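Participant: Pasting start_27.txt below, which is compact mmCIF, C-alpha atoms.
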```
# COMPACT_ATOMS: atom_id res chain seq x y z
CA MET N 1 43.38 -3.05 -12.77
CA ARG N 2 43.15 -6.02 -10.41
CA THR N 3 40.35 -8.47 -9.93
CA LYS N 4 39.35 -10.42 -6.84
CA VAL N 5 36.86 -13.24 -6.51
CA LEU N 6 35.30 -13.17 -3.03
CA GLY N 7 32.69 -15.88 -2.69
CA ALA N 8 29.65 -14.74 -4.64
CA LEU N 9 31.13 -11.27 -5.17
CA GLY N 10 33.35 -10.21 -7.97
CA ALA N 11 35.48 -7.21 -7.00
CA ILE N 12 37.20 -5.07 -9.60
CA ALA N 13 39.66 -2.28 -8.99
CA ALA N 14 38.03 1.09 -8.59
CA ALA N 15 37.94 3.30 -11.63
CA ALA N 16 40.17 6.36 -11.72
CA ALA N 17 37.04 8.49 -12.05
CA TYR N 18 36.21 7.96 -8.37
CA GLY N 19 37.06 11.57 -7.70
CA GLY N 20 34.39 12.84 -10.10
CA GLU N 21 31.03 14.29 -9.21
CA PRO N 22 28.58 11.67 -7.85
CA ALA N 23 25.96 12.48 -10.49
CA THR N 24 28.41 11.84 -13.34
CA PRO N 25 28.36 8.31 -14.82
CA ILE N 26 31.53 6.36 -14.04
CA ASP N 27 33.00 4.35 -16.87
CA SER N 28 33.73 0.84 -15.65
CA PRO N 29 33.99 -2.51 -17.41
CA PRO N 30 30.69 -4.40 -17.67
CA THR N 31 30.47 -7.57 -15.60
CA GLU N 32 28.89 -10.55 -17.33
CA TYR N 33 27.63 -13.67 -15.62
CA SER N 34 27.13 -16.88 -17.54
CA ASP N 35 25.39 -18.77 -14.73
CA ALA N 36 22.39 -16.49 -14.17
CA VAL N 37 19.18 -18.32 -13.29
CA GLU N 38 15.52 -17.34 -13.47
CA LEU N 39 14.14 -16.01 -10.21
CA ASP N 40 11.06 -18.24 -10.31
CA VAL N 41 13.12 -21.32 -9.42
CA TYR N 42 14.24 -19.73 -6.14
CA SER N 43 12.38 -20.07 -2.82
CA ARG N 44 13.24 -18.03 0.26
CA PRO N 45 13.76 -19.45 3.76
CA HIS N 46 10.68 -19.86 5.93
CA SER N 47 10.06 -20.76 9.57
CA VAL N 48 9.52 -24.37 10.58
CA SER N 49 9.63 -23.96 14.37
CA ARG N 50 9.84 -20.45 15.80
CA ALA N 51 10.74 -20.24 19.49
CA THR N 52 8.88 -17.69 21.61
CA PRO N 53 11.21 -15.27 23.41
CA LYS N 54 11.03 -14.92 27.17
CA TYR N 55 9.97 -11.48 28.34
CA PRO N 56 13.02 -10.09 30.21
CA LEU N 57 12.18 -9.99 33.90
CA THR N 58 13.74 -6.54 34.47
CA ALA N 59 11.67 -5.07 31.61
CA LEU N 60 8.54 -6.77 32.89
CA ARG N 61 8.99 -5.34 36.39
CA GLN N 62 9.50 -1.84 34.95
CA ASN N 63 6.54 -2.08 32.51
CA LYS N 64 8.82 -1.73 29.49
CA GLU N 65 7.75 -2.70 25.96
CA GLY N 66 9.73 -2.99 22.74
CA TRP N 67 10.35 -4.74 19.46
CA VAL N 68 13.45 -6.00 17.67
CA ARG N 69 14.19 -6.74 14.03
CA LEU N 70 16.86 -9.39 13.45
CA ASP N 71 18.58 -9.88 10.09
CA PHE N 72 20.39 -13.17 9.70
CA MET N 73 21.46 -15.95 7.39
CA VAL N 74 19.93 -19.44 7.20
CA ASP N 75 22.30 -22.27 6.31
CA THR N 76 21.45 -25.38 4.29
CA ASP N 77 20.41 -27.25 7.46
CA GLY N 78 17.94 -24.52 8.46
CA GLN N 79 20.16 -23.11 11.21
CA PRO N 80 20.26 -19.29 11.65
CA TYR N 81 23.68 -17.62 11.87
CA GLU N 82 25.31 -14.20 11.52
CA ILE N 83 22.46 -12.68 13.53
CA VAL N 84 22.41 -8.90 13.86
CA VAL N 85 19.94 -6.39 15.31
CA THR N 86 19.12 -3.92 12.53
CA GLU N 87 16.18 -2.06 14.12
CA SER N 88 14.70 -1.91 17.59
CA VAL N 89 12.56 0.07 19.99
CA GLY N 90 12.95 -0.19 23.75
CA ASP N 91 15.58 -1.50 26.13
CA ASP N 92 18.62 -3.43 24.93
CA VAL N 93 17.57 -6.41 27.07
CA PHE N 94 15.04 -7.19 24.34
CA HIS N 95 17.93 -7.72 21.89
CA ASP N 96 19.35 -10.64 23.85
CA ALA N 97 15.92 -12.20 24.39
CA ALA N 98 15.14 -12.04 20.67
CA ILE N 99 18.52 -13.46 19.66
CA ARG N 100 18.21 -16.37 22.12
CA ALA N 101 14.77 -17.20 20.71
CA LEU N 102 16.02 -17.07 17.14
CA GLU N 103 18.95 -19.34 17.94
CA LYS N 104 16.44 -21.97 19.12
CA SER N 105 14.33 -21.61 15.95
CA ARG N 106 14.63 -23.70 12.80
CA PHE N 107 13.88 -22.90 9.17
CA GLU N 108 13.32 -24.53 5.85
CA PRO N 109 16.39 -23.33 3.92
CA ALA N 110 16.22 -21.34 0.71
CA ARG N 111 16.31 -23.50 -2.41
CA LEU N 112 17.51 -22.90 -5.93
CA GLU N 113 16.35 -25.46 -8.48
CA GLY N 114 15.47 -27.69 -5.54
CA LYS N 115 18.91 -27.52 -3.93
CA PRO N 116 19.33 -25.88 -0.48
CA LEU N 117 21.59 -22.85 -0.18
CA ASP N 118 22.54 -20.20 2.37
CA ALA N 119 20.32 -17.12 2.17
CA GLY N 120 19.33 -13.98 4.04
CA HIS N 121 16.14 -13.60 6.09
CA HIS N 122 14.69 -11.35 8.80
CA LEU N 123 12.15 -11.56 11.61
CA TYR N 124 10.51 -9.19 14.10
CA TYR N 125 10.09 -10.00 17.78
CA HIS N 126 7.59 -8.00 19.84
CA PHE N 127 7.51 -7.56 23.60
CA GLU N 128 4.15 -6.11 24.60
CA MET N 129 2.04 -6.08 27.75
CA ASP N 130 -1.72 -5.69 27.96
CA SER N 131 -1.61 -1.93 27.46
CA SER N 132 -4.87 -0.57 26.05
CA GLY N 133 -3.45 2.61 24.60
CA ALA N 134 -1.98 5.87 25.79
CA ARG N 135 -2.33 6.95 29.40
CA ALA N 136 -4.31 10.13 30.19
CA TRP N 137 -1.25 12.20 31.20
CA PHE N 138 0.52 11.22 27.96
CA VAL N 139 -2.47 12.22 25.83
CA ARG N 140 -2.65 15.61 27.56
CA ILE N 141 1.05 16.45 27.08
CA HIS N 142 1.13 15.04 23.55
CA ARG N 143 -1.80 17.19 22.45
CA ALA N 144 -0.19 20.27 23.97
CA ALA N 145 3.09 19.47 22.18
CA MET N 146 1.33 19.06 18.82
CA LYS N 147 -0.46 22.38 19.33
CA ALA N 148 2.84 24.12 20.22
CA ILE N 149 4.40 22.76 17.02
CA GLY N 150 1.41 23.95 15.00
CA ASP N 151 1.60 27.38 16.69
CA ASP N 152 5.34 27.62 15.87
CA ASP N 153 6.11 27.87 19.58
CA ARG N 154 9.46 26.09 19.69
CA GLU N 155 10.26 26.88 23.31
CA LYS N 156 7.03 25.29 24.52
CA ALA N 157 7.39 22.33 22.14
CA ASP N 158 10.93 21.69 23.42
CA ARG N 159 9.71 21.67 27.02
CA LEU N 160 6.78 19.34 26.36
CA LEU N 161 8.74 16.84 24.23
CA GLU N 162 11.46 16.76 26.86
CA GLU N 163 8.78 16.03 29.46
CA LEU N 164 7.57 13.06 27.41
CA ASP N 165 11.11 11.83 26.76
CA SER N 166 12.08 11.92 30.43
CA SER N 167 8.83 10.58 31.88
CA GLY N 168 9.96 6.97 32.14
CA PRO N 169 9.04 3.88 30.09
CA LEU N 170 6.49 4.44 27.35
CA ASN N 171 4.42 1.62 25.91
CA LEU N 172 4.66 1.01 22.17
CA TYR N 173 1.43 2.89 21.51
CA GLU N 174 2.79 5.99 23.27
CA ASP N 175 6.19 5.61 21.62
CA ALA N 176 4.55 5.70 18.18
CA PHE N 177 2.65 8.91 18.96
CA LEU N 178 5.70 10.53 20.55
CA HIS N 179 7.60 10.05 17.29
CA VAL N 180 4.67 11.34 15.27
CA ALA N 181 5.11 14.55 17.28
CA LYS N 182 8.88 14.50 16.78
CA SER N 183 8.47 14.11 13.01
CA GLY N 184 6.36 17.29 13.01
CA TYR N 185 8.91 19.04 15.20
CA TYR N 186 11.83 18.13 12.91
CA ALA N 187 9.82 19.06 9.81
CA THR N 188 9.57 22.57 11.31
CA TRP N 189 12.91 23.03 13.07
CA GLY N 190 15.14 20.09 12.13
CA ASN N 191 16.55 18.42 9.04
CA GLU N 192 15.42 15.64 6.73
CA GLN N 193 17.50 12.95 8.45
CA GLN N 194 16.01 13.79 11.86
CA GLN N 195 12.50 13.81 10.43
CA LEU N 196 13.07 10.49 8.65
CA LYS N 197 14.46 8.89 11.81
CA ALA N 198 11.33 9.93 13.70
CA LEU N 199 9.04 8.62 10.95
CA ASP N 200 10.93 5.34 10.84
CA ARG N 201 10.28 4.96 14.55
CA ALA N 202 6.60 5.92 14.20
CA VAL N 203 5.56 3.97 11.08
CA GLY N 204 8.64 2.18 9.71
CA HIS N 205 7.74 -1.30 10.96
CA HIS N 206 4.89 -3.64 10.20
CA THR N 207 2.94 -3.32 13.48
CA ALA N 208 2.63 0.48 13.41
CA GLN N 209 -0.68 0.40 11.52
CA LYS N 210 -2.47 -1.17 14.48
CA ARG N 211 -1.50 1.74 16.75
CA LEU N 212 -2.24 4.73 14.53
CA PRO N 213 -5.48 5.72 12.75
CA GLU N 214 -5.33 4.57 9.15
CA SER N 215 -5.54 8.08 7.68
CA LEU N 216 -2.66 9.27 9.89
CA TYR N 217 -0.62 6.14 9.18
CA THR N 218 -0.93 6.45 5.38
CA SER N 219 -0.28 10.21 5.49
CA LEU N 220 2.94 9.64 7.45
CA GLN N 221 3.99 6.84 5.11
CA ARG N 222 3.58 9.17 2.13
CA ALA N 223 5.77 11.75 3.86
CA ARG N 224 8.27 9.00 4.66
CA PHE N 225 8.31 7.85 1.02
CA LEU N 226 9.20 11.36 -0.19
CA LEU N 227 11.94 11.71 2.44
CA LEU N 228 13.43 8.33 1.49
CA VAL N 229 13.53 9.43 -2.15
CA ARG N 230 15.11 12.78 -1.27
CA THR N 231 17.75 11.11 0.90
CA GLN N 232 18.34 8.53 -1.89
CA ASP N 233 17.36 5.49 0.16
CA PHE N 234 15.61 4.10 -2.90
CA GLY N 235 15.20 0.47 -1.81
CA ARG N 236 13.26 1.45 1.30
CA ALA N 237 11.29 4.01 -0.70
CA ILE N 238 9.98 1.25 -2.98
CA GLN N 239 9.14 -0.93 0.04
CA THR N 240 7.19 2.00 1.52
CA PHE N 241 5.25 2.43 -1.72
CA GLU N 242 4.39 -1.28 -1.69
CA THR N 243 3.05 -0.86 1.84
CA LEU N 244 0.91 2.12 0.76
CA SER N 245 -0.40 0.15 -2.23
CA GLU N 246 -2.11 -2.25 0.19
CA TYR N 247 -4.47 0.53 1.31
CA PRO N 248 -7.55 1.79 -0.59
CA LEU N 249 -6.07 5.20 -1.37
CA ASP N 250 -7.34 7.50 -4.09
CA ASP N 251 -5.41 7.20 -7.31
CA ASP N 252 -4.59 10.92 -7.26
CA LEU N 253 -2.55 10.19 -4.09
CA LEU N 254 -0.82 7.05 -5.34
CA SER N 255 -0.30 7.97 -8.98
CA PRO N 256 2.48 10.57 -8.43
CA LEU N 257 4.28 8.13 -6.14
CA ARG N 258 3.92 5.35 -8.71
CA THR N 259 5.55 7.59 -11.31
CA VAL N 260 8.53 8.09 -8.99
CA VAL N 261 8.77 4.34 -8.36
CA ASP N 262 8.81 3.67 -12.10
CA GLU N 263 11.70 6.11 -12.46
CA LEU N 264 13.53 4.40 -9.58
CA GLU N 265 13.12 0.99 -11.18
CA THR N 266 14.66 2.40 -14.36
CA LEU N 267 17.55 3.81 -12.34
CA ARG N 268 18.08 0.43 -10.68
CA LEU N 269 18.89 -1.17 -14.04
CA ASP N 270 20.63 1.59 -15.98
CA ASP N 271 24.20 2.92 -15.73
CA ARG N 272 23.48 6.11 -13.79
CA VAL N 273 25.52 6.64 -10.63
CA TYR N 274 24.45 8.12 -7.31
CA SER N 275 26.07 8.59 -3.92
CA VAL N 276 24.83 8.81 -0.35
CA PRO N 277 26.75 10.00 2.72
CA GLY N 278 27.35 7.58 5.57
CA ASP N 279 27.99 8.28 9.24
CA PHE N 280 28.58 5.71 11.99
CA ALA N 281 27.70 8.38 14.61
CA ASP N 282 28.04 6.71 18.02
CA ARG N 283 27.70 3.15 16.68
CA TYR N 284 30.16 0.48 15.54
CA THR N 285 28.08 -0.46 12.49
CA TRP N 286 26.24 1.23 9.62
CA SER N 287 23.57 -0.43 7.47
CA TYR N 288 21.94 0.23 4.11
CA ASN N 289 19.76 -1.67 1.64
CA LEU N 290 21.73 -1.72 -1.60
CA PHE N 291 19.78 -0.64 -4.65
CA LYS N 292 22.17 -1.48 -7.50
CA ASP N 293 24.59 -4.31 -8.17
CA GLU N 294 27.91 -2.41 -7.95
CA PHE N 295 29.23 -0.09 -5.26
CA PHE N 296 32.34 1.42 -3.74
CA LEU N 297 33.21 3.45 -0.63
CA SER N 298 35.23 6.65 -0.75
CA ASP N 299 36.09 9.79 1.28
CA VAL N 300 36.50 7.66 4.41
CA GLU N 301 37.27 9.69 7.53
CA GLY N 302 37.87 7.23 10.36
CA GLN N 303 38.09 3.46 10.17
CA ILE N 304 36.01 0.87 8.30
CA GLU N 305 37.18 -2.67 9.06
CA GLU N 306 34.71 -5.07 7.49
CA ILE N 307 31.92 -5.37 4.93
CA LYS N 308 29.07 -7.81 5.46
CA LEU N 309 26.55 -8.49 2.71
CA ARG N 310 23.41 -10.43 3.56
CA CYS N 311 21.86 -11.14 0.19
CA ALA N 312 18.70 -13.02 -0.72
CA ARG N 313 20.88 -15.87 -1.97
CA LYS N 314 24.26 -15.45 -0.37
CA TYR N 315 26.24 -14.13 2.58
CA VAL N 316 29.61 -12.51 1.99
CA PHE N 317 32.04 -11.25 4.61
CA LEU N 318 35.25 -9.41 3.62
CA ARG N 319 37.80 -6.92 4.82
CA PHE N 320 37.28 -3.39 3.56
CA ASP N 321 39.63 -2.30 0.77
CA PRO N 322 39.33 1.39 -0.26
CA ASP N 323 40.73 0.62 -3.73
CA VAL N 324 38.13 -1.96 -4.71
CA GLN N 325 34.77 -1.63 -6.42
CA TYR N 326 32.36 -4.46 -5.66
CA ALA N 327 30.05 -6.12 -8.18
CA ILE N 328 27.23 -8.39 -6.99
CA LYS N 329 25.57 -11.02 -9.15
CA ARG N 330 22.17 -9.51 -9.90
CA ASP N 331 20.26 -12.68 -9.12
CA TYR N 332 21.62 -12.53 -5.54
CA LEU N 333 19.85 -9.20 -4.92
CA PRO N 334 18.41 -7.70 -2.78
CA CYS N 335 21.35 -7.28 -0.41
CA HIS N 336 21.61 -5.67 3.01
CA LEU N 337 24.98 -3.95 3.46
CA GLN N 338 26.49 -3.73 6.95
CA LEU N 339 29.76 -1.91 7.58
CA VAL N 340 31.76 -2.51 10.76
CA GLY N 341 34.15 0.15 12.03
CA ASP N 342 34.78 2.89 14.55
CA PRO N 343 32.17 5.31 15.91
CA GLY N 344 32.38 8.72 14.26
CA THR N 345 33.54 7.33 10.90
CA THR N 346 32.11 9.12 7.87
CA PHE N 347 32.28 8.11 4.20
CA ARG N 348 30.48 8.17 0.88
CA LEU N 349 28.72 5.13 -0.61
CA THR N 350 28.43 5.24 -4.40
CA GLN N 351 26.23 2.81 -6.34
CA LEU N 352 26.40 2.25 -10.08
```
Kindly transcribe the structure held in the file into structure tokens.
Facilitator:
Amino acid sequence: MRTKVLGALGAIAAAAAYGGEPATPIDSPPTEYSDAVELDVYSRPHSVSRATPKYPLTALRQNKEGWVRLDFMVDTDGQPYEIVVTESVGDDVFHDAAIRALEKSRFEPARLEGKPLDAGHHLYYHFEMDSSGARAWFVRIHRAAMKAIGDDDREKADRLLEELDSSGPLNLYEDAFLHVAKSGYYATWGNEQQQLKALDRAVGHHTAQKRLPESLYTSLQRARFLLLVRTQDFGRAIQTFETLSEYPLDDDLLSPLRTVVDELETLRLDDRVYSVPGDFADRYTWSYNLFKDEFFLSDVEGQIEEIKLRCARKYVFLRFDPDVQYAIKRDYLPCHLQLVGDPGTTFRLTQL
């Protein structure tokens, strides 16, 4: 067994039991930290001066809207670095505009016991015109598509959704409702990952509630919560529950979800192991919100080059080693994992 020290990460050689079933606990040496600190002496980064992005001229001329989420680190001088787009809607030109604005922004750095330190943060940038809602032609086709889905008429639903997809730029209001329809389509004829992707696009960001009726928004968030649990994306499931808890929902709706969240919080701290599949698809990166403080990657088909961890209290960058299991100091959590590699790469992420 070999041990590496990589910045804030301790890495220990992977246990021989890697080949076992994902649901079977893996015996590995406990990691103890003598320098743990109470969380109440930590303060996150916050904006001091936030530059406003310029609306890209090409998008403006073509009536395009969009939003971008940037995850990044803030150094001890309040300078953002290691900026990456983790979610977005709309044209890629919005990515560059958001990044340029962030680079001009300044932050109060995170502090631990009064001392500044590097830490992770994220911001959303929105690019919206004065659109007042969905256009009449969109409403007509959308309603017909929803009816076709309800009538189990796949051929008609395919035709109508394709018409919406190929109709040119949609404003953010229309984009939200299009993906509401797609979530219903994939619930009927697709798989859980397709349905979850559509729900993420419809309600998975903090401005969605202003575009959808509250009852529809909360109903879709409940469906999204259950899908996140079933696909074992437990960190985002808990975040979704916290969002739902802000609404005046009946306890008979929230109580079953709260029971699941309690079980997830127990899982977060105990020694049970679980695995999730990963697929780069057509991208060069893959991202996930880590739920536990140790993980390893196995069954890699393709190429993973680098691991980037943007934690609440630290940033770690390292080359991928298939024979290493990584242990994160618990007081650095939560951490956003980003893998860099070749499109088409598949693998299994196991947390313990």
Participant: If I take CA of Ile328 (chain N) and CA of Gln303 (chain N), how far is one from the other in Å, to one decimal?
Facilitator: 23.5 Å
Participant: Give me, as CSV, each residue of region 115-199 of chain N that comes within 10 Å of region 59-68 of chain N, together with its shortest interatomic pair and the distance in Å at one decimal, counting only C-alpha atoms, with rows ordered by chain and rising residue number.
Facilitator:
```
residue,atom,partner,partner_atom,distance
N:Leu123,CA,N:Val68,CA,8.3
N:Tyr124,CA,N:Val68,CA,5.6
N:Tyr125,CA,N:Val68,CA,5.2
N:His126,CA,N:Trp67,CA,4.3
N:Phe127,CA,N:Gly66,CA,5.2
N:Glu128,CA,N:Glu65,CA,5.1
N:Met129,CA,N:Glu65,CA,6.9
N:Ser131,CA,N:Glu65,CA,9.5
N:Gly168,CA,N:Lys64,CA,9.2
N:Pro169,CA,N:Lys64,CA,5.6
N:Leu170,CA,N:Lys64,CA,6.9
N:Asn171,CA,N:Glu65,CA,5.5
N:Leu172,CA,N:Glu65,CA,6.1
N:Tyr173,CA,N:Glu65,CA,9.5
N:Asp175,CA,N:Gly66,CA,9.4
```
Participant: Give me a file of those residues, with C-alpha atoms, as a PDB file, keeping the file's coordinate frame.
Facilitator:
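After the write, out22.pdb holds the following:
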```pdb
ATOM      1  CA  LEU N 123      12.150 -11.560  11.610  1.00  0.00           C
ATOM      2  CA  TYR N 124      10.510  -9.190  14.100  1.00  0.00           C
ATOM      3  CA  TYR N 125      10.090 -10.000  17.780  1.00  0.00           C
ATOM      4  CA  HIS N 126       7.590  -8.000  19.840  1.00  0.00           C
ATOM      5  CA  PHE N 127       7.510  -7.560  23.600  1.00  0.00           C
ATOM      6  CA  GLU N 128       4.150  -6.110  24.600  1.00  0.00           C
ATOM      7  CA  MET N 129       2.040  -6.080  27.750  1.00  0.00           C
ATOM      8  CA  SER N 131      -1.610  -1.930  27.460  1.00  0.00           C
ATOM      9  CA  GLY N 168       9.960   6.970  32.140  1.00  0.00           C
ATOM     10  CA  PRO N 169       9.040   3.880  30.090  1.00  0.00           C
ATOM     11  CA  LEU N 170       6.490   4.440  27.350  1.00  0.00           C
ATOM     12  CA  ASN N 171       4.420   1.620  25.910  1.00  0.00           C
ATOM     13  CA  LEU N 172       4.660   1.010  22.170  1.00  0.00           C
ATOM     14  CA  TYR N 173       1.430   2.890  21.510  1.00  0.00           C
ATOM     15  CA  ASP N 175       6.190   5.610  21.620  1.00  0.00           C
TER      16      ASP N 175
END
```
Participant: Quick check, in Å to one decimal: how far apart do CA of Ala237 (chain N) and CA of Val84 (chain N) lie?
Facilitator: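 Distance reported for this atom pair: 22.4 Å.
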Participant: If we count all atoms listed in the file and set the cut-off at 8 Å, which residues sit around region 132-142 of chain N, ignoring sequence neighbours fewer than 6 positions away in its own chain? Please answer as number ranges by chain.
Facilitator: N: 160-161, 164, 171, 173-174, 177-178, 181
Participant: Write the residues of the preceding selection, restricted to C-alpha atoms, as a tab-separated table (two decimals), in the frame of the given file.
Facilitator:
```
chain	number	residue	atom	x	y	z
N	160	LEU	CA	6.78	19.34	26.36
N	161	LEU	CA	8.74	16.84	24.23
N	164	LEU	CA	7.57	13.06	27.41
N	171	ASN	CA	4.42	1.62	25.91
N	173	TYR	CA	1.43	2.89	21.51
N	174	GLU	CA	2.79	5.99	23.27
N	177	PHE	CA	2.65	8.91	18.96
N	178	LEU	CA	5.70	10.53	20.55
N	181	ALA	CA	5.11	14.55	17.28
```
Participant: Excluding Asn289 (chain N) and any residue of its chain fewer than 6 positions from it, enumerate the residues within 7 Å of it, using only C-alpha atoms, and give them as a ChimeraX atom specification.
Facilitator: /N:235,335-337
Participant: Please list as a PDB file with C-alpha atoms, keeping the file's coordinate frame every residue within 12 Å of Tyr247 (chain N), counting only C-alpha atoms and excluding residues in the same chain fewer than 6 positions away.
Facilitator:
```pdb
ATOM      1  CA  GLN N 209      -0.680   0.400  11.520  1.00  0.00           C
ATOM      2  CA  GLU N 214      -5.330   4.570   9.150  1.00  0.00           C
ATOM      3  CA  SER N 215      -5.540   8.080   7.680  1.00  0.00           C
ATOM      4  CA  TYR N 217      -0.620   6.140   9.180  1.00  0.00           C
ATOM      5  CA  THR N 218      -0.930   6.450   5.380  1.00  0.00           C
ATOM      6  CA  SER N 219      -0.280  10.210   5.490  1.00  0.00           C
ATOM      7  CA  GLN N 221       3.990   6.840   5.110  1.00  0.00           C
ATOM      8  CA  ARG N 222       3.580   9.170   2.130  1.00  0.00           C
ATOM      9  CA  THR N 240       7.190   2.000   1.520  1.00  0.00           C
ATOM     10  CA  PHE N 241       5.250   2.430  -1.720  1.00  0.00           C
ATOM     11  CA  LEU N 253      -2.550  10.190  -4.090  1.00  0.00           C
ATOM     12  CA  LEU N 254      -0.820   7.050  -5.340  1.00  0.00           C
TER      13      LEU N 254
END
```
Participant: Using all atoms listed in the file for the distances, tell me which of N:Ala208, N:Leu264, N:Ala312, N:Asp331 is nearest to Arg230 (chain N).
Facilitator: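 The closest residue to Arg230 (chain N) is N:Leu264.
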Participant: Please provide the set of residues having any atom within 12 Å of Leu102 (chain N), restricted to all atoms listed in the file, with same-chain residues fewer than 4 positions apart removed, written as number ranges by chain.
Facilitator: N: 47-54, 68-74, 78-85, 95-98, 106-107, 121-125
Participant: Which of these, N:Phe295, N:Trp286, N:Tyr42, N:Phe280, has the shortest distance to Gln338 (chain N) once you count all atoms listed in the file?
Facilitator: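 Looking only at the distances to Gln338 (chain N), the closest residue turns out to be N:Trp286.
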Participant: Can region 229-247 of chain N be brought up to N, CA and C atoms and written out as a CSV table (one decimal), keeping the file's coordinate frame?
Facilitator:
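Written output follows (selection_3.csv):
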```csv
chain,number,residue,atom,x,y,z
N,229,VAL,N,13.1,9.1,-0.8
N,229,VAL,CA,13.5,9.4,-2.2
N,229,VAL,C,14.5,10.6,-2.1
N,230,ARG,N,14.2,11.6,-1.3
N,230,ARG,CA,15.1,12.8,-1.3
N,230,ARG,C,16.5,12.4,-0.7
N,231,THR,N,16.5,11.5,0.3
N,231,THR,CA,17.8,11.1,0.9
N,231,THR,C,18.4,9.9,0.2
N,232,GLN,N,17.8,9.5,-1.0
N,232,GLN,CA,18.3,8.5,-1.9
N,232,GLN,C,18.4,7.1,-1.3
N,233,ASP,N,17.5,6.8,-0.4
N,233,ASP,CA,17.4,5.5,0.2
N,233,ASP,C,16.3,4.8,-0.6
N,234,PHE,N,16.6,4.5,-1.9
N,234,PHE,CA,15.6,4.1,-2.9
N,234,PHE,C,15.0,2.7,-2.6
N,235,GLY,N,15.8,1.8,-2.1
N,235,GLY,CA,15.2,0.5,-1.8
N,235,GLY,C,14.1,0.6,-0.8
N,236,ARG,N,14.3,1.3,0.3
N,236,ARG,CA,13.3,1.4,1.3
N,236,ARG,C,12.1,2.3,0.8
N,237,ALA,N,12.4,3.2,-0.1
N,237,ALA,CA,11.3,4.0,-0.7
N,237,ALA,C,10.3,3.1,-1.5
N,238,ILE,N,10.8,2.2,-2.2
N,238,ILE,CA,10.0,1.2,-3.0
N,238,ILE,C,9.2,0.3,-2.0
N,239,GLN,N,9.8,-0.1,-1.0
N,239,GLN,CA,9.1,-0.9,0.0
N,239,GLN,C,8.0,-0.1,0.7
N,240,THR,N,8.2,1.2,0.9
N,240,THR,CA,7.2,2.0,1.5
N,240,THR,C,6.0,2.2,0.6
N,241,PHE,N,6.3,2.3,-0.7
N,241,PHE,CA,5.2,2.4,-1.7
N,241,PHE,C,4.4,1.1,-1.8
N,242,GLU,N,5.1,0.0,-1.7
N,242,GLU,CA,4.4,-1.3,-1.7
N,242,GLU,C,3.5,-1.4,-0.5
N,243,THR,N,3.9,-0.9,0.7
N,243,THR,CA,3.0,-0.9,1.8
N,243,THR,C,1.8,0.0,1.6
N,244,LEU,N,2.0,1.2,1.0
N,244,LEU,CA,0.9,2.1,0.8
N,244,LEU,C,-0.1,1.5,-0.2
N,245,SER,N,0.5,0.7,-1.2
N,245,SER,CA,-0.4,0.2,-2.2
N,245,SER,C,-1.4,-0.8,-1.7
N,246,GLU,N,-1.2,-1.3,-0.4
N,246,GLU,CA,-2.1,-2.2,0.2
N,246,GLU,C,-3.4,-1.6,0.7
N,247,TYR,N,-3.4,-0.2,0.7
N,247,TYR,CA,-4.5,0.5,1.3
N,247,TYR,C,-5.3,1.1,0.2
```
